[in-house]
file upload39.txt (compact mmCIF, C-alpha atoms)
# COMPACT_ATOMS: atom_id res chain seq x y z
CA MET A 1 95.55 73.69 125.56
CA GLU A 2 93.13 76.61 125.49
CA PRO A 3 93.69 79.05 122.60
CA ALA A 4 95.08 82.46 123.52
CA THR A 5 92.58 85.30 123.68
CA ASP A 6 94.54 88.05 121.85
CA PRO A 7 92.45 89.19 118.87
CA VAL A 8 95.58 89.52 116.68
CA ARG A 9 98.26 86.85 116.73
CA VAL A 10 101.44 86.53 114.64
CA GLN A 11 103.13 83.24 115.40
CA GLN A 12 105.44 80.54 114.13
CA ASP A 13 103.58 77.72 115.91
CA PRO A 14 100.62 75.83 114.42
CA PHE A 15 97.11 76.59 115.68
CA ASP A 16 93.97 74.48 116.00
CA PRO A 17 91.32 76.06 113.73
CA GLY A 18 88.38 74.27 115.36
CA ALA A 19 89.46 75.17 118.87
CA GLU A 20 89.97 78.78 117.77
CA VAL A 21 86.45 79.02 116.29
CA ASN A 22 84.96 77.48 119.43
CA ALA A 23 86.88 79.80 121.74
CA PHE A 24 86.03 82.83 119.58
CA THR A 25 82.33 81.89 119.57
CA ALA A 26 82.38 81.41 123.34
CA ARG A 27 83.95 84.85 123.83
CA VAL A 28 81.35 86.45 121.57
CA ALA A 29 78.49 84.67 123.36
CA GLY A 30 79.95 85.55 126.74
CA ALA A 31 79.79 89.24 125.83
CA GLY A 32 76.00 89.08 125.24
CA ALA A 33 73.42 87.54 122.93
CA GLY A 34 73.41 90.23 120.23
CA ALA A 35 75.57 88.47 117.67
CA GLY A 36 73.72 86.15 115.30
CA ALA A 37 76.54 85.24 112.93
CA VAL A 38 80.11 83.97 113.15
CA VAL A 39 82.08 83.56 109.91
CA SER A 40 85.53 82.01 109.77
CA PHE A 41 88.05 81.65 106.95
CA LEU A 42 91.04 79.31 107.02
CA GLY A 43 93.97 79.75 104.62
CA LEU A 44 96.02 76.62 103.83
CA THR A 45 99.52 76.22 102.43
CA ARG A 46 98.74 75.50 98.76
CA ASP A 47 100.87 73.09 96.74
CA THR A 48 102.25 74.20 93.36
CA ALA A 49 100.35 73.23 90.19
CA ASP A 50 103.02 70.55 89.68
CA GLY A 51 102.50 69.21 93.21
CA ASP A 52 106.19 69.58 94.09
CA LEU A 53 106.14 72.15 96.89
CA ASP A 54 108.49 71.08 99.68
CA ALA A 55 107.65 74.06 101.86
CA MET A 56 106.44 77.64 101.97
CA VAL A 57 108.63 80.03 103.92
CA ILE A 58 106.91 83.19 105.16
CA GLU A 59 109.00 86.20 106.10
CA HIS A 60 107.52 89.15 107.97
CA PHE A 61 108.46 92.46 109.56
CA PRO A 62 108.17 91.94 113.34
CA GLY A 63 106.52 94.91 114.98
CA MET A 64 105.04 96.41 111.84
CA THR A 65 103.13 93.19 111.17
CA GLU A 66 101.32 93.29 114.50
CA THR A 67 100.55 97.01 114.12
CA ALA A 68 99.25 96.58 110.56
CA LEU A 69 97.03 93.63 111.48
CA ALA A 70 95.63 95.45 114.52
CA THR A 71 94.78 98.46 112.35
CA ILE A 72 93.13 96.33 109.66
CA ARG A 73 91.15 94.43 112.30
CA GLN A 74 89.97 97.66 113.97
CA ASP A 75 88.94 99.07 110.57
CA ALA A 76 86.82 95.95 109.98
CA VAL A 77 85.24 96.11 113.45
CA THR A 78 84.27 99.75 112.94
CA ARG A 79 83.13 99.47 109.33
CA PHE A 80 80.95 96.38 109.79
CA ALA A 81 79.86 96.99 113.41
CA LEU A 82 81.42 93.69 114.43
CA HIS A 83 80.99 92.27 117.90
CA ASP A 84 84.49 90.82 117.64
CA ALA A 85 87.15 89.79 115.10
CA LEU A 86 90.11 87.43 115.23
CA VAL A 87 93.21 87.38 113.01
CA ILE A 88 95.90 84.70 113.26
CA HIS A 89 98.83 84.61 110.79
CA ARG A 90 101.82 82.28 110.87
CA TYR A 91 105.34 82.85 109.63
CA GLY A 92 108.36 80.60 109.11
CA ARG A 93 108.43 77.25 107.30
CA LEU A 94 105.10 75.61 106.46
CA VAL A 95 104.42 72.34 104.66
CA PRO A 96 101.30 71.91 102.47
CA PRO A 97 98.47 71.70 103.44
CA GLU A 98 99.21 73.21 106.86
CA PRO A 99 96.99 76.13 107.92
CA ILE A 100 98.75 79.49 107.34
CA MET A 101 96.21 81.90 108.71
CA MET A 102 92.62 82.40 109.76
CA VAL A 103 90.15 85.16 110.39
CA ALA A 104 86.88 85.00 112.30
CA THR A 105 84.21 87.68 112.50
CA ALA A 106 81.08 88.04 114.61
CA ALA A 107 78.21 90.34 113.68
CA ARG A 108 74.50 90.75 114.35
CA HIS A 109 73.66 89.46 110.84
CA ARG A 110 75.56 87.23 108.43
CA ALA A 111 76.01 89.79 105.62
CA ASP A 112 78.30 91.93 107.77
CA ALA A 113 80.18 88.89 109.10
CA PHE A 114 80.86 87.58 105.58
CA ALA A 115 81.77 91.00 104.18
CA ALA A 116 84.11 91.71 107.10
CA ALA A 117 85.93 88.41 106.57
CA GLU A 118 86.44 89.30 102.88
CA PHE A 119 87.59 92.80 103.85
CA LEU A 120 90.10 91.39 106.34
CA MET A 121 91.46 88.93 103.75
CA ASP A 122 91.75 91.57 101.01
CA TYR A 123 93.64 93.97 103.26
CA LEU A 124 95.95 91.52 104.94
CA LYS A 125 97.00 90.12 101.54
CA SER A 126 98.29 93.49 100.32
CA ARG A 127 98.78 95.68 103.41
CA ALA A 128 100.38 93.43 106.02
CA PRO A 129 104.16 92.93 105.68
CA PHE A 130 104.35 89.23 104.84
CA TRP A 131 106.30 87.72 101.92
CA LYS A 132 105.92 84.14 100.74
CA GLN A 133 108.70 82.05 99.25
CA GLU A 134 108.07 78.66 97.60
CA ILE A 135 110.69 75.96 98.10
CA THR A 136 110.85 73.11 95.56
CA ALA A 137 113.57 70.77 94.33
CA ARG A 138 114.24 73.45 91.67
CA GLY A 139 115.10 76.01 94.34
CA ALA A 140 113.44 78.90 96.14
CA SER A 141 111.25 81.51 94.47
CA TRP A 142 109.44 84.50 95.89
CA VAL A 143 105.71 84.59 95.23
CA ALA A 144 104.86 87.67 93.16
CA ALA A 145 101.97 89.89 94.24
CA ARG A 146 99.07 89.75 91.80
CA ASP A 147 97.47 92.88 90.36
CA ALA A 148 94.13 91.30 91.27
CA ASP A 149 95.08 91.48 94.95
CA GLU A 150 95.67 95.22 94.74
CA ASP A 151 92.52 95.70 92.62
CA ALA A 152 90.49 93.85 95.26
CA LEU A 153 90.98 96.76 97.66
CA LYS A 154 89.14 99.14 95.33
CA ARG A 155 85.78 97.57 96.09
CA TRP A 156 85.91 98.72 99.71
CA MET B 1 126.33 115.18 109.78
CA PRO B 2 122.62 114.33 110.03
CA ALA B 3 121.54 111.54 112.37
CA PRO B 4 121.79 108.11 110.75
CA ILE B 5 118.62 106.45 109.51
CA ASP B 6 118.18 102.69 109.94
CA ILE B 7 117.38 101.02 106.64
CA ARG B 8 115.64 97.63 106.67
CA TYR B 9 115.26 95.34 103.65
CA PHE B 10 112.94 92.35 103.27
CA ALA B 11 112.35 89.38 100.97
CA TRP B 12 114.13 89.53 97.58
CA LEU B 13 115.29 93.10 98.21
CA ARG B 14 117.18 91.80 101.25
CA GLU B 15 118.62 88.91 99.23
CA ARG B 16 119.70 91.07 96.29
CA ILE B 17 121.29 93.74 98.47
CA GLY B 18 122.93 91.11 100.68
CA THR B 19 121.88 92.50 104.06
CA GLY B 20 118.68 93.09 105.99
CA HIS B 21 119.88 96.16 107.78
CA GLU B 22 122.23 99.10 107.36
CA ALA B 23 122.55 102.56 108.87
CA VAL B 24 123.09 105.49 106.51
CA GLU B 25 123.74 109.18 107.06
CA THR B 26 121.67 111.11 104.60
CA ASP B 27 120.27 114.51 103.74
CA ALA B 28 117.63 112.96 101.48
CA ALA B 29 114.35 114.84 101.64
CA THR B 30 112.05 111.98 100.64
CA VAL B 31 112.00 108.18 100.48
CA ALA B 32 112.53 108.40 96.70
CA ASP B 33 115.59 110.65 97.20
CA LEU B 34 116.96 108.18 99.75
CA ILE B 35 116.50 105.32 97.26
CA ASP B 36 118.46 107.31 94.66
CA GLU B 37 121.30 107.65 97.19
CA LEU B 38 121.17 103.97 98.16
CA LYS B 39 121.47 102.96 94.49
CA THR B 40 124.95 104.53 94.40
CA ARG B 41 126.22 102.37 97.30
CA SER B 42 126.84 99.23 95.24
CA ASP B 43 125.89 97.41 92.05
CA ALA B 44 123.73 95.14 94.19
CA HIS B 45 121.79 98.13 95.56
CA ALA B 46 121.40 99.56 92.05
CA PHE B 47 120.08 96.24 90.72
CA ALA B 48 117.72 95.59 93.65
CA LEU B 49 116.24 99.09 93.46
CA SER B 50 116.15 99.42 89.66
CA ASP B 51 112.37 98.96 89.27
CA LEU B 52 110.46 101.16 91.70
CA THR B 53 107.10 99.76 90.59
CA VAL B 54 107.94 96.71 92.75
CA VAL B 55 109.36 98.61 95.73
CA ARG B 56 107.18 99.53 98.70
CA ALA B 57 108.26 101.59 101.71
CA ALA B 58 107.45 101.98 105.37
CA VAL B 59 108.69 104.92 107.43
CA ASP B 60 108.82 104.08 111.14
CA GLN B 61 106.69 101.02 110.38
CA ALA B 62 103.87 102.84 108.57
CA LEU B 63 103.32 102.07 104.89
CA VAL B 64 103.85 105.27 102.84
CA PRO B 65 104.15 106.45 99.21
CA LEU B 66 107.70 106.93 97.90
CA ASP B 67 107.34 110.74 97.78
CA THR B 68 106.93 110.88 101.57
CA SER B 69 109.16 113.29 103.51
CA LEU B 70 111.88 111.86 105.73
CA THR B 71 111.68 114.69 108.26
CA GLY B 72 111.96 113.10 111.70
CA ALA B 73 112.25 109.58 110.28
CA ARG B 74 114.30 107.09 112.30
CA GLU B 75 113.76 103.95 110.23
CA VAL B 76 112.94 103.29 106.57
CA ALA B 77 112.00 99.79 105.40
CA LEU B 78 112.07 98.84 101.71
CA PHE B 79 110.43 95.67 100.44
CA PRO B 80 108.53 94.10 97.53
CA PRO B 81 104.71 94.17 97.29
CA MET B 82 103.35 92.12 100.18
CA THR B 83 101.99 88.61 99.76
CA GLY B 84 100.19 87.70 102.97
CA GLY B 85 97.02 85.72 103.43

call {"tool": "encode", "arguments": {"input": "upload39.txt", "output": "structure tokens"}}
result
Amino acid sequence: MEPATDPVRVQQDPFDPGAEVNAFTARVAGAGAGAGAVVSFLGLTRDTADGDLDAMVIEHFPGMTETALATIRQDAVTRFALHDALVIHRYGRLVPPEPIMMVATAARHRADAFAAAEFLMDYLKSRAPFWKQEITARGASWVAARDADEDALKRW
Amino acid sequence: MPAPIDIRYFAWLRERIGTGHEAVETDAATVADLIDELKTRSDAHAFALSDLTVVRAAVDQALVPLDTSLTGAREVALFPPMTGG
């Protein structure tokens, strides 16, 4: 199945990271030959330090999530003069090491593509309405936000 | 009476309060004033909203500081710091 072409996707279903990068690259190339760099980042469902994670359950705020991600993506496109950017984020029940989310960026040079991917990750960690809950045999516990995540925004 | 505002709760705020949604009639001027009112609704509300350093708010789906005015607001969402990515 061909990946969807929406630049922001919030979905319960799995996605194929390789197919997404290929489709993104094809869209960028199809729009002209000015982009020289594509960077992609893939976030995986991480096991606990004890290796006993049964699942990660991700809650979100339908409606606000899509709006927040679209705003963050547009900010990245403008700030780093991107040719294109892709954001995919899943919600619901995920089992390690399933992919949770990915971003891809296309720019004329690699510095902007790398920086834009970092910018997207920093902002969607702390400014998009997702909440992670870890499920183990000991029960369910909400993942606490880290001060470092908030601090990371200050560099932009 | 003023028009009711839809209140949405997420993650552990939703669990502690025991519902994800309620409508309240309020004259509260700001999000912080509204939270003070909500805390009087039940012990569960008071407990869930006891530490405002871990409460974030969105008014009509836009993230805002707690001192934001509620003039014209239709929906207020309260939730813990976000953990996406």

call {"tool": "closest_residue", "arguments": {"input": "upload39.txt", "among": "A:Ala113, A:Ala128, A:Ala29, A:Leu94", "to": "chain B", "atoms": "all atoms listed in the file"}}
result
A:Ala128

call {"tool": "residues_near_point", "arguments": {"input": "upload39.txt", "point": "(109.2, 69.8, 100.9)", "cutoff": "12 Å", "atoms": "only C-alpha atoms", "output": "PDB file with C-alpha atoms, in the frame of the given file"}}
result
ATOM      1  CA  THR A  45      99.520  76.220 102.430  1.00  0.00           C
ATOM      2  CA  ASP A  47     100.870  73.090  96.740  1.00  0.00           C
ATOM      3  CA  THR A  48     102.250  74.200  93.360  1.00  0.00           C
ATOM      4  CA  GLY A  51     102.500  69.210  93.210  1.00  0.00           C
ATOM      5  CA  ASP A  52     106.190  69.580  94.090  1.00  0.00           C
ATOM      6  CA  LEU A  53     106.140  72.150  96.890  1.00  0.00           C
ATOM      7  CA  ASP A  54     108.490  71.080  99.680  1.00  0.00           C
ATOM      8  CA  ALA A  55     107.650  74.060 101.860  1.00  0.00           C
ATOM      9  CA  MET A  56     106.440  77.640 101.970  1.00  0.00           C
ATOM     10  CA  VAL A  57     108.630  80.030 103.920  1.00  0.00           C
ATOM     11  CA  ARG A  93     108.430  77.250 107.300  1.00  0.00           C
ATOM     12  CA  LEU A  94     105.100  75.610 106.460  1.00  0.00           C
ATOM     13  CA  VAL A  95     104.420  72.340 104.660  1.00  0.00           C
ATOM     14  CA  PRO A  96     101.300  71.910 102.470  1.00  0.00           C
ATOM     15  CA  PRO A  97      98.470  71.700 103.440  1.00  0.00           C
ATOM     16  CA  GLU A 134     108.070  78.660  97.600  1.00  0.00           C
ATOM     17  CA  ILE A 135     110.690  75.960  98.100  1.00  0.00           C
ATOM     18  CA  THR A 136     110.850  73.110  95.560  1.00  0.00           C
ATOM     19  CA  ALA A 137     113.570  70.770  94.330  1.00  0.00           C
ATOM     20  CA  ARG A 138     114.240  73.450  91.670  1.00  0.00           C
ATOM     21  CA  GLY A 139     115.100  76.010  94.340  1.00  0.00           C
ATOM     22  CA  ALA A 140     113.440  78.900  96.140  1.00  0.00           C
TER      23      ALA A 140
END

call {"tool": "interface_residues", "arguments": {"input": "upload39.txt", "of": "chain A", "to": "chain B", "cutoff": "7 Å", "atoms": "all atoms listed in the file", "output": "MDAnalysis selection string"}}
result
chainID A and resid 43 59 64 101 121 124:132 145

call {"tool": "closest_residue", "arguments": {"input": "upload39.txt", "among": "B:Asp27, B:Ile5, B:Asp36, B:Glu15", "to": "Ser50 of chain B", "atoms": "all atoms listed in the file"}}
result
B:Asp36

call {"tool": "atom_distance", "arguments": {"input": "upload39.txt", "atom1": "atom CA of Asp13 of chain A", "atom2": "atom CA of Arg90 of chain A"}}
result
7.0 Å

call {"tool": "atom_distance", "arguments": {"input": "upload39.txt", "atom1": "atom CA of His60 of chain A", "atom2": "atom CA of Leu42 of chain A"}}
result
19.2 Å

call {"tool": "decode", "arguments": {"input": "upload39.txt", "residues": "segment 56-79 of chain B", "atoms": "N, CA and C atoms", "output": "PDB file, in the first residue's frame"}}
result
ATOM      1  N   ARG B  56      -1.212  21.797  32.969  1.00  0.00           N
ATOM      2  CA  ARG B  56      -1.158  22.645  31.778  1.00  0.00           C
ATOM      3  C   ARG B  56      -2.589  22.846  31.284  1.00  0.00           C
ATOM      4  N   ALA B  57      -2.799  23.928  30.507  1.00  0.00           N
ATOM      5  CA  ALA B  57      -4.156  24.234  30.061  1.00  0.00           C
ATOM      6  C   ALA B  57      -4.181  24.603  28.584  1.00  0.00           C
ATOM      7  N   ALA B  58      -5.304  24.240  27.959  1.00  0.00           N
ATOM      8  CA  ALA B  58      -5.576  24.706  26.600  1.00  0.00           C
ATOM      9  C   ALA B  58      -6.971  25.313  26.596  1.00  0.00           C
ATOM     10  N   VAL B  59      -7.096  26.513  26.040  1.00  0.00           N
ATOM     11  CA  VAL B  59      -8.404  27.139  25.868  1.00  0.00           C
ATOM     12  C   VAL B  59      -8.756  27.046  24.385  1.00  0.00           C
ATOM     13  N   ASP B  60      -9.894  26.417  24.103  1.00  0.00           N
ATOM     14  CA  ASP B  60     -10.305  26.171  22.725  1.00  0.00           C
ATOM     15  C   ASP B  60      -9.150  25.601  21.894  1.00  0.00           C
ATOM     16  N   GLN B  61      -8.482  24.634  22.506  1.00  0.00           N
ATOM     17  CA  GLN B  61      -7.439  23.818  21.879  1.00  0.00           C
ATOM     18  C   GLN B  61      -6.139  24.564  21.587  1.00  0.00           C
ATOM     19  N   ALA B  62      -5.928  25.707  22.223  1.00  0.00           N
ATOM     20  CA  ALA B  62      -4.636  26.392  22.118  1.00  0.00           C
ATOM     21  C   ALA B  62      -3.996  26.403  23.506  1.00  0.00           C
ATOM     22  N   LEU B  63      -2.742  25.971  23.574  1.00  0.00           N
ATOM     23  CA  LEU B  63      -2.013  25.925  24.834  1.00  0.00           C
ATOM     24  C   LEU B  63      -1.834  27.346  25.376  1.00  0.00           C
ATOM     25  N   VAL B  64      -2.178  27.579  26.656  1.00  0.00           N
ATOM     26  CA  VAL B  64      -2.117  28.931  27.219  1.00  0.00           C
ATOM     27  C   VAL B  64      -1.582  28.886  28.655  1.00  0.00           C
ATOM     28  N   PRO B  65      -1.039  30.013  29.152  1.00  0.00           N
ATOM     29  CA  PRO B  65      -0.681  30.111  30.566  1.00  0.00           C
ATOM     30  C   PRO B  65      -1.953  30.127  31.430  1.00  0.00           C
ATOM     31  N   LEU B  66      -1.785  29.777  32.722  1.00  0.00           N
ATOM     32  CA  LEU B  66      -2.950  29.664  33.599  1.00  0.00           C
ATOM     33  C   LEU B  66      -3.609  31.011  33.906  1.00  0.00           C
ATOM     34  N   ASP B  67      -2.908  32.125  33.668  1.00  0.00           N
ATOM     35  CA  ASP B  67      -3.526  33.425  33.958  1.00  0.00           C
ATOM     36  C   ASP B  67      -4.323  33.971  32.769  1.00  0.00           C
ATOM     37  N   THR B  68      -4.550  33.122  31.775  1.00  0.00           N
ATOM     38  CA  THR B  68      -5.280  33.538  30.571  1.00  0.00           C
ATOM     39  C   THR B  68      -6.763  33.795  30.855  1.00  0.00           C
ATOM     40  N   SER B  69      -7.296  34.843  30.258  1.00  0.00           N
ATOM     41  CA  SER B  69      -8.707  35.202  30.405  1.00  0.00           C
ATOM     42  C   SER B  69      -9.611  34.161  29.750  1.00  0.00           C
ATOM     43  N   LEU B  70     -10.775  33.960  30.360  1.00  0.00           N
ATOM     44  CA  LEU B  70     -11.753  33.013  29.806  1.00  0.00           C
ATOM     45  C   LEU B  70     -12.819  33.701  28.966  1.00  0.00           C
ATOM     46  N   THR B  71     -12.650  34.997  28.710  1.00  0.00           N
ATOM     47  CA  THR B  71     -13.646  35.709  27.911  1.00  0.00           C
ATOM     48  C   THR B  71     -13.823  35.026  26.552  1.00  0.00           C
ATOM     49  N   GLY B  72     -15.047  34.618  26.270  1.00  0.00           N
ATOM     50  CA  GLY B  72     -15.339  33.990  24.976  1.00  0.00           C
ATOM     51  C   GLY B  72     -14.962  32.521  24.890  1.00  0.00           C
ATOM     52  N   ALA B  73     -14.397  31.965  25.964  1.00  0.00           N
ATOM     53  CA  ALA B  73     -13.946  30.566  25.906  1.00  0.00           C
ATOM     54  C   ALA B  73     -15.137  29.607  25.888  1.00  0.00           C
ATOM     55  N   ARG B  74     -15.046  28.584  25.050  1.00  0.00           N
ATOM     56  CA  ARG B  74     -16.080  27.547  25.001  1.00  0.00           C
ATOM     57  C   ARG B  74     -15.606  26.257  25.650  1.00  0.00           C
ATOM     58  N   GLU B  75     -14.297  25.995  25.560  1.00  0.00           N
ATOM     59  CA  GLU B  75     -13.760  24.742  26.080  1.00  0.00           C
ATOM     60  C   GLU B  75     -12.424  25.006  26.776  1.00  0.00           C
ATOM     61  N   VAL B  76     -12.244  24.380  27.939  1.00  0.00           N
ATOM     62  CA  VAL B  76     -10.962  24.452  28.646  1.00  0.00           C
ATOM     63  C   VAL B  76     -10.496  23.020  28.892  1.00  0.00           C
ATOM     64  N   ALA B  77      -9.291  22.692  28.455  1.00  0.00           N
ATOM     65  CA  ALA B  77      -8.726  21.376  28.718  1.00  0.00           C
ATOM     66  C   ALA B  77      -7.607  21.506  29.739  1.00  0.00           C
ATOM     67  N   LEU B  78      -7.593  20.599  30.717  1.00  0.00           N
ATOM     68  CA  LEU B  78      -6.560  20.570  31.750  1.00  0.00           C
ATOM     69  C   LEU B  78      -5.856  19.224  31.686  1.00  0.00           C
ATOM     70  N   PHE B  79      -4.519  19.249  31.746  1.00  0.00           N
ATOM     71  CA  PHE B  79      -3.774  18.003  31.577  1.00  0.00           C
ATOM     72  C   PHE B  79      -2.360  18.151  32.137  1.00  0.00           C
TER      73      PHE B  79
END
